[in-house]
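Engineer: Before we start, here is the structure in question, set down as structure tokens.
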Amino acid sequence: MPRSLNLRQIEAFAAVIAAGTITEAAQMLDRSQSAVTRLIQELEAELGYKLLHRNGPRITPTERGVLFHVEVERHLVGLRHLRDRAEAIGRDERPAIEVVAIAALAVGILPQALARLAEGEMPRQVHLRSASAEQLAQSVAARTADLGVSSLPVSSPELTLHWSAEAPCVAVLRQDDPLAAEGVVQLRQLTGRRLIATGNPYRLRRRVDDALREAGVAPQAVIDANTSLAAMGAVRAGLGVALIEPVTPASFPLEGVVYRPVDADIPFAWGMVTAMGRPVPAAIRSLMAEIAVVSAATIRGLRSLGVEEDAVGPR
């Protein structure tokens with residue numbers, strides 16, 4: 001069992017993974033190559049397994065190294081968060097906040113909501129990062145993030161859901177696509193077309209597939225994208241028609257593409273979560289209120305699924 005892991009070892013490992021070579025990692029850390037090599041060797045000896053494959057100057061993580069790096073990233077994020085909060089306390093400032101959101105909400109809704117915060121409500125340090133819904137739930141439950149803005153469901157007894165809403169998915173098309181002239185795209189019109197959709201089969205993708213099946217639509221081919229923005233880029237390149245959540249095209253429009261409602265209600269739900277039992281900072285309360293306002297003003301067909309008054313009440 002590891003007994004004496006230290007921060008220098010952890011930082012050396014993270015730097016090597018980021019840089020890909022001992023030489024570049026040493027430059028990043030302002031240490032000698034031999035010092036970095038020694039720290040990695042000590043870390044591997046302490047853990048009892050190899051973290052890196054060495055092939056000449058290039059370094060790649062082992063399978064265990066990849067898994068360990070996930071934990072290292074989480075650890076370092078927590079340390080940065082702690083440092084920023086400690087410095088804010090020393091300056092008698094509002095504490096730093098950490099917000100994690102799925103990509104669809106991180107690129108549009110969340111920045112707009114932050115921009116609406118009143119003078120004095122925005123902390124000096126704001127950490128905004130994108131993550132999958134599963135990673136987001138882990139971060140908020142572990143209290144390395146103050147607020148999560150996620151697609152639903154997010155089922156965890158360690159989380160409190162403060163506000164949620166849903167809106168129907170849309171079709172995204174190139175501006176010169178014949179279907180762009182339609183007020184509403186009928187799913188049957190996608191028969192024989194290449195479909196672009198987000199790939200997680202356990203979340204929105206399942207509802208998209210079910211709706212196509214019920215409409216008797218068989219796409220000619222399918223491109224899976226891990227984000228809606230990537231799907232929109234594929235549409236702009238002429239690769240097909242996307243069926244995606246409505247938040248990204250409405251809040252982060254991409255030149256050359258348009259979005260249209262479809263004749264099937266394929267709901268996309270999202271909401272805001274914090275750690276169960278943790279006091280919600282004033283800045284987070286204000287931000288949640290603005291997220292609700294921006295969502296309602298931006299997304300056509302939005303249906304509020306509920307607001308917890310003490311979390312996102314009138315300001």
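Letters for chains follow the order of the structure tokens (A, B, ...), residue numbers begin at 1 for each chain, and ligand numbers begin at 1 in the order shown.
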Skipping near chain neighbours, those fewer than 6 positions away, what residues fall within 6 Å of region 169-175 of chain A using only C-alpha atoms, listed as a list in words?
Structural biologist: Arg236, Val241, Ala242, Leu243, Ile244, Glu245, Pro246, Gly256, Val257, Val258, Tyr259, Arg260, Pro261, Val262 and Ile266 of chain A
Engineer: Could the residues in this selection be saved with all heavy atoms as a short mmCIF file (atom, residue, chain, number, x, y, z; two decimals), in the first residue's frame?
Structural biologist:
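Dumped everything to result-v7.cif:
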```
data_model
loop_
_atom_site.label_atom_id
_atom_site.label_comp_id
_atom_site.auth_asym_id
_atom_site.auth_seq_id
_atom_site.Cartn_x
_atom_site.Cartn_y
_atom_site.Cartn_z
N ARG A 236 -22.25 21.45 -40.85
CA ARG A 236 -21.72 22.53 -41.68
C ARG A 236 -20.80 22.00 -42.77
O ARG A 236 -20.74 22.57 -43.87
CB ARG A 236 -20.98 23.56 -40.82
CG ARG A 236 -20.53 24.78 -41.61
CD ARG A 236 -20.06 25.90 -40.72
NE ARG A 236 -18.84 25.58 -39.99
CZ ARG A 236 -18.16 26.46 -39.25
NH1 ARG A 236 -18.63 27.71 -39.12
NH2 ARG A 236 -17.08 26.11 -38.60
N VAL A 241 -27.52 15.43 -41.42
CA VAL A 241 -28.47 16.18 -40.60
C VAL A 241 -28.31 15.73 -39.16
O VAL A 241 -28.21 14.53 -38.90
CB VAL A 241 -29.92 15.94 -41.07
CG1 VAL A 241 -30.90 16.69 -40.17
CG2 VAL A 241 -30.10 16.35 -42.52
N ALA A 242 -28.29 16.68 -38.24
CA ALA A 242 -28.13 16.34 -36.83
C ALA A 242 -29.45 16.43 -36.09
O ALA A 242 -30.26 17.32 -36.35
CB ALA A 242 -27.11 17.26 -36.16
N LEU A 243 -29.67 15.49 -35.20
CA LEU A 243 -30.77 15.55 -34.23
C LEU A 243 -30.12 15.68 -32.87
O LEU A 243 -29.53 14.71 -32.36
CB LEU A 243 -31.64 14.31 -34.31
CG LEU A 243 -32.64 14.22 -35.46
CD1 LEU A 243 -33.37 12.89 -35.43
CD2 LEU A 243 -33.64 15.36 -35.40
N ILE A 244 -30.19 16.86 -32.26
CA ILE A 244 -29.47 17.12 -31.02
C ILE A 244 -30.33 17.92 -30.06
O ILE A 244 -31.41 18.40 -30.41
CB ILE A 244 -28.15 17.87 -31.28
CG1 ILE A 244 -28.42 19.23 -31.95
CG2 ILE A 244 -27.20 17.04 -32.13
CD1 ILE A 244 -27.18 20.10 -32.10
N GLU A 245 -29.79 18.10 -28.85
CA GLU A 245 -30.47 18.94 -27.86
C GLU A 245 -30.55 20.38 -28.38
O GLU A 245 -29.75 20.79 -29.22
CB GLU A 245 -29.74 18.86 -26.51
CG GLU A 245 -28.23 18.99 -26.56
CD GLU A 245 -27.75 20.40 -26.80
OE1 GLU A 245 -28.52 21.34 -26.54
OE2 GLU A 245 -26.61 20.57 -27.25
N PRO A 246 -31.51 21.17 -27.89
CA PRO A 246 -31.72 22.51 -28.44
C PRO A 246 -30.84 23.60 -27.85
O PRO A 246 -30.79 24.71 -28.37
CB PRO A 246 -33.18 22.78 -28.09
CG PRO A 246 -33.37 22.07 -26.78
CD PRO A 246 -32.54 20.81 -26.89
N GLY A 256 -23.58 29.18 -41.02
CA GLY A 256 -23.73 28.19 -42.08
C GLY A 256 -24.73 27.09 -41.77
O GLY A 256 -25.02 26.27 -42.64
N VAL A 257 -25.24 27.06 -40.53
CA VAL A 257 -26.23 26.03 -40.17
C VAL A 257 -27.45 26.70 -39.54
O VAL A 257 -27.36 27.81 -39.00
CB VAL A 257 -25.65 24.97 -39.21
CG1 VAL A 257 -24.44 24.29 -39.81
CG2 VAL A 257 -25.31 25.57 -37.86
N VAL A 258 -28.58 26.02 -39.63
CA VAL A 258 -29.82 26.48 -39.01
C VAL A 258 -30.40 25.32 -38.23
O VAL A 258 -30.04 24.16 -38.43
CB VAL A 258 -30.84 26.97 -40.06
CG1 VAL A 258 -30.29 28.18 -40.81
CG2 VAL A 258 -31.20 25.85 -41.05
N TYR A 259 -31.33 25.63 -37.33
CA TYR A 259 -32.00 24.55 -36.61
C TYR A 259 -33.51 24.74 -36.70
O TYR A 259 -34.01 25.86 -36.77
CB TYR A 259 -31.52 24.45 -35.17
CG TYR A 259 -31.91 25.59 -34.26
CD1 TYR A 259 -32.99 25.47 -33.39
CD2 TYR A 259 -31.17 26.76 -34.25
CE1 TYR A 259 -33.33 26.51 -32.54
CE2 TYR A 259 -31.51 27.81 -33.40
CZ TYR A 259 -32.59 27.67 -32.54
OH TYR A 259 -32.94 28.71 -31.70
N ARG A 260 -34.20 23.62 -36.76
CA ARG A 260 -35.65 23.61 -36.92
C ARG A 260 -36.28 22.61 -35.94
O ARG A 260 -35.69 21.58 -35.63
CB ARG A 260 -36.03 23.20 -38.36
CG ARG A 260 -35.49 24.15 -39.44
CD ARG A 260 -36.25 25.46 -39.44
NE ARG A 260 -35.80 26.36 -40.51
CZ ARG A 260 -34.91 27.33 -40.35
NH1 ARG A 260 -34.36 27.52 -39.15
NH2 ARG A 260 -34.56 28.10 -41.36
N PRO A 261 -37.51 22.91 -35.48
CA PRO A 261 -38.21 21.91 -34.66
C PRO A 261 -38.56 20.68 -35.50
O PRO A 261 -38.59 20.75 -36.74
CB PRO A 261 -39.48 22.66 -34.22
CG PRO A 261 -39.66 23.75 -35.22
CD PRO A 261 -38.29 24.14 -35.68
N VAL A 262 -38.78 19.58 -34.82
CA VAL A 262 -39.17 18.34 -35.50
C VAL A 262 -40.57 17.95 -35.05
O VAL A 262 -41.09 18.46 -34.05
CB VAL A 262 -38.17 17.21 -35.23
CG1 VAL A 262 -36.79 17.56 -35.78
CG2 VAL A 262 -38.09 16.89 -33.74
N ILE A 266 -38.95 14.98 -28.56
CA ILE A 266 -37.82 14.24 -28.00
C ILE A 266 -37.24 15.12 -26.91
O ILE A 266 -36.45 16.03 -27.19
CB ILE A 266 -36.76 13.93 -29.08
CG1 ILE A 266 -37.41 13.30 -30.31
CG2 ILE A 266 -35.67 13.03 -28.51
CD1 ILE A 266 -36.46 13.16 -31.50
#
```
Engineer: List as a list in words the protein and nucleic acid residues near Arg129 (chain A), meaning an atom at most 12 Å away when only C-alpha atoms are counted, but skip any in the same chain fewer than 4 places from it.
Structural biologist: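 Those residues are Val77, Ile97, Glu98, Val99, Val100, Ala101, Ile102, Ala103, Ala104, Leu105, Ala106, Val107, Leu110, Pro111, Gln135, Leu136, Ser139, Thr144, Ala145, Asp146, Leu147, Gly148 and Val149 of chain A.
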Engineer: Smallest atom-to-atom distance to Leu47 (chain A): which of A:Leu5, A:Ala275, A:Ile299, A:Leu179, using only C-alpha atoms?
Structural biologist: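 Under the stated criterion, the closest residue is A:Leu5.
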Engineer: Excluding same-chain residues fewer than 2 positions from Ser251 (chain A), what lies within 8 Å of it counting only C-alpha atoms, as a list of chain:residue names?
Structural biologist: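 Counting only C-alpha atoms, the residues come to A:Val107, A:Gly108, A:Ile109, A:Val247, A:Thr248, A:Pro249, A:Pro253, A:Thr298, A:Ile299.
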Engineer: Can you work out which one of A:Leu76, A:Leu67, A:Leu29, A:Ala115 has the shortest atom-to-atom distance to Ser286 (chain A), counting only C-alpha atoms?
Structural biologist: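 Looking only at the distances to Ser286 (chain A), the closest residue turns out to be A:Ala115.
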Engineer: Figure out the distance between CA of Arg64 (chain A) and CA of Leu43 (chain A), please, to one decimal in Å.
Structural biologist: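 Going from CA of Leu43 (chain A) over to CA of Arg64 (chain A), I get 13.0 Å.
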Engineer: Would you return as a ChimeraX atom specification the members of region 122-259 of chain A that DSSP assigns to strand (DSSP E) on this structure's backbone?
Structural biologist: /A:126-130,147-151,159-168,170-174,194-198,221-225,241-244,257-259
Engineer: Do you know which residues are at most 8 Å from Thr274 (chain A) counting only C-alpha atoms, after dropping those on the same chain fewer than 5 positions away, and could you put them as a list in words?
Structural biologist: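 The residues satisfying every condition are Val140, Ala141, Asp146, Leu147, Gly148, Leu159, Thr160, Leu161, His162 and Val280 of chain A.
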Engineer: Keeping all heavy atoms, export the residues of the selection given above as a PDB file, in the first residue's frame.
Structural biologist:
```
ATOM      1  N   VAL A 140     -19.256  17.118  -8.154  1.00  0.00           N
ATOM      2  CA  VAL A 140     -20.109  17.849  -7.214  1.00  0.00           C
ATOM      3  C   VAL A 140     -20.269  17.050  -5.922  1.00  0.00           C
ATOM      4  O   VAL A 140     -20.188  17.603  -4.825  1.00  0.00           O
ATOM      5  CB  VAL A 140     -21.472  18.168  -7.846  1.00  0.00           C
ATOM      6  CG1 VAL A 140     -22.388  18.845  -6.821  1.00  0.00           C
ATOM      7  CG2 VAL A 140     -21.304  19.060  -9.065  1.00  0.00           C
ATOM      8  N   ALA A 141     -20.481  15.743  -6.043  1.00  0.00           N
ATOM      9  CA  ALA A 141     -20.638  14.910  -4.844  1.00  0.00           C
ATOM     10  C   ALA A 141     -19.368  14.913  -4.001  1.00  0.00           C
ATOM     11  O   ALA A 141     -19.432  14.897  -2.765  1.00  0.00           O
ATOM     12  CB  ALA A 141     -21.005  13.485  -5.242  1.00  0.00           C
ATOM     13  N   ASP A 146     -18.608  23.507  -6.879  1.00  0.00           N
ATOM     14  CA  ASP A 146     -19.700  24.104  -6.102  1.00  0.00           C
ATOM     15  C   ASP A 146     -21.057  23.912  -6.768  1.00  0.00           C
ATOM     16  O   ASP A 146     -22.079  23.835  -6.094  1.00  0.00           O
ATOM     17  CB  ASP A 146     -19.456  25.606  -5.923  1.00  0.00           C
ATOM     18  CG  ASP A 146     -18.184  25.888  -5.160  1.00  0.00           C
ATOM     19  OD1 ASP A 146     -18.116  25.538  -3.974  1.00  0.00           O
ATOM     20  OD2 ASP A 146     -17.249  26.457  -5.760  1.00  0.00           O
ATOM     21  N   LEU A 147     -21.052  23.870  -8.094  1.00  0.00           N
ATOM     22  CA  LEU A 147     -22.302  23.790  -8.851  1.00  0.00           C
ATOM     23  C   LEU A 147     -22.088  22.932 -10.083  1.00  0.00           C
ATOM     24  O   LEU A 147     -21.071  23.054 -10.768  1.00  0.00           O
ATOM     25  CB  LEU A 147     -22.761  25.188  -9.282  1.00  0.00           C
ATOM     26  CG  LEU A 147     -23.982  25.268 -10.206  1.00  0.00           C
ATOM     27  CD1 LEU A 147     -25.234  24.777  -9.491  1.00  0.00           C
ATOM     28  CD2 LEU A 147     -24.178  26.696 -10.709  1.00  0.00           C
ATOM     29  N   GLY A 148     -23.054  22.078 -10.359  1.00  0.00           N
ATOM     30  CA  GLY A 148     -23.058  21.306 -11.592  1.00  0.00           C
ATOM     31  C   GLY A 148     -24.287  21.672 -12.410  1.00  0.00           C
ATOM     32  O   GLY A 148     -25.389  21.772 -11.868  1.00  0.00           O
ATOM     33  N   LEU A 159     -26.497  14.384  -4.021  1.00  0.00           N
ATOM     34  CA  LEU A 159     -26.721  15.627  -4.749  1.00  0.00           C
ATOM     35  C   LEU A 159     -28.112  16.186  -4.459  1.00  0.00           C
ATOM     36  O   LEU A 159     -29.064  15.438  -4.254  1.00  0.00           O
ATOM     37  CB  LEU A 159     -26.571  15.405  -6.259  1.00  0.00           C
ATOM     38  CG  LEU A 159     -25.223  14.887  -6.758  1.00  0.00           C
ATOM     39  CD1 LEU A 159     -25.265  14.679  -8.261  1.00  0.00           C
ATOM     40  CD2 LEU A 159     -24.104  15.838  -6.379  1.00  0.00           C
ATOM     41  N   THR A 160     -28.212  17.509  -4.496  1.00  0.00           N
ATOM     42  CA  THR A 160     -29.504  18.195  -4.399  1.00  0.00           C
ATOM     43  C   THR A 160     -29.794  18.847  -5.743  1.00  0.00           C
ATOM     44  O   THR A 160     -28.963  19.607  -6.261  1.00  0.00           O
ATOM     45  CB  THR A 160     -29.477  19.277  -3.306  1.00  0.00           C
ATOM     46  OG1 THR A 160     -29.277  18.654  -2.034  1.00  0.00           O
ATOM     47  CG2 THR A 160     -30.789  20.056  -3.289  1.00  0.00           C
ATOM     48  N   LEU A 161     -30.942  18.535  -6.322  1.00  0.00           N
ATOM     49  CA  LEU A 161     -31.370  19.142  -7.576  1.00  0.00           C
ATOM     50  C   LEU A 161     -32.183  20.389  -7.252  1.00  0.00           C
ATOM     51  O   LEU A 161     -33.211  20.313  -6.590  1.00  0.00           O
ATOM     52  CB  LEU A 161     -32.211  18.162  -8.390  1.00  0.00           C
ATOM     53  CG  LEU A 161     -32.789  18.678  -9.710  1.00  0.00           C
ATOM     54  CD1 LEU A 161     -31.673  19.022 -10.690  1.00  0.00           C
ATOM     55  CD2 LEU A 161     -33.742  17.649 -10.319  1.00  0.00           C
ATOM     56  N   HIS A 162     -31.709  21.553  -7.718  1.00  0.00           N
ATOM     57  CA  HIS A 162     -32.341  22.813  -7.362  1.00  0.00           C
ATOM     58  C   HIS A 162     -33.361  23.306  -8.387  1.00  0.00           C
ATOM     59  O   HIS A 162     -34.353  23.917  -8.035  1.00  0.00           O
ATOM     60  CB  HIS A 162     -31.273  23.903  -7.189  1.00  0.00           C
ATOM     61  CG  HIS A 162     -30.380  23.670  -6.024  1.00  0.00           C
ATOM     62  ND1 HIS A 162     -30.702  24.020  -4.734  1.00  0.00           N
ATOM     63  CD2 HIS A 162     -29.149  23.097  -5.941  1.00  0.00           C
ATOM     64  CE1 HIS A 162     -29.722  23.698  -3.911  1.00  0.00           C
ATOM     65  NE2 HIS A 162     -28.769  23.131  -4.620  1.00  0.00           N
ATOM     66  N   VAL A 280     -25.148  26.671   0.175  1.00  0.00           N
ATOM     67  CA  VAL A 280     -24.954  27.206  -1.174  1.00  0.00           C
ATOM     68  C   VAL A 280     -24.453  28.638  -1.066  1.00  0.00           C
ATOM     69  O   VAL A 280     -25.164  29.501  -0.538  1.00  0.00           O
ATOM     70  CB  VAL A 280     -26.264  27.156  -1.983  1.00  0.00           C
ATOM     71  CG1 VAL A 280     -26.028  27.689  -3.389  1.00  0.00           C
ATOM     72  CG2 VAL A 280     -26.798  25.723  -2.039  1.00  0.00           C
TER      73      VAL A 280
END
```
Engineer: What's around region 23-28 of chain A at 10 Å? Count only C-alpha atoms, leave out sequence neighbours fewer than 4 positions away in its own chain, and write the answer as a list in words.
Structural biologist: Glu11, Ala12, Phe13, Ala14, Ala15, Val16, Ile17, Ala18, Ala19, Ser32, Gln33, Ser34, Ala35, Val36, Thr37, Pro57 and Arg58 of chain A
Engineer: What's the separation between CA of Val126 (chain A) and CA of Ala96 (chain A), in Å to one decimal place?
Structural biologist: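 CA of Ala96 (chain A) lies 5.6 Å from CA of Val126 (chain A).
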Engineer: What is the distance between CA of Phe68 (chain A) and CA of Arg143 (chain A), in Å to one decimal?
Structural biologist: 19.6 Å
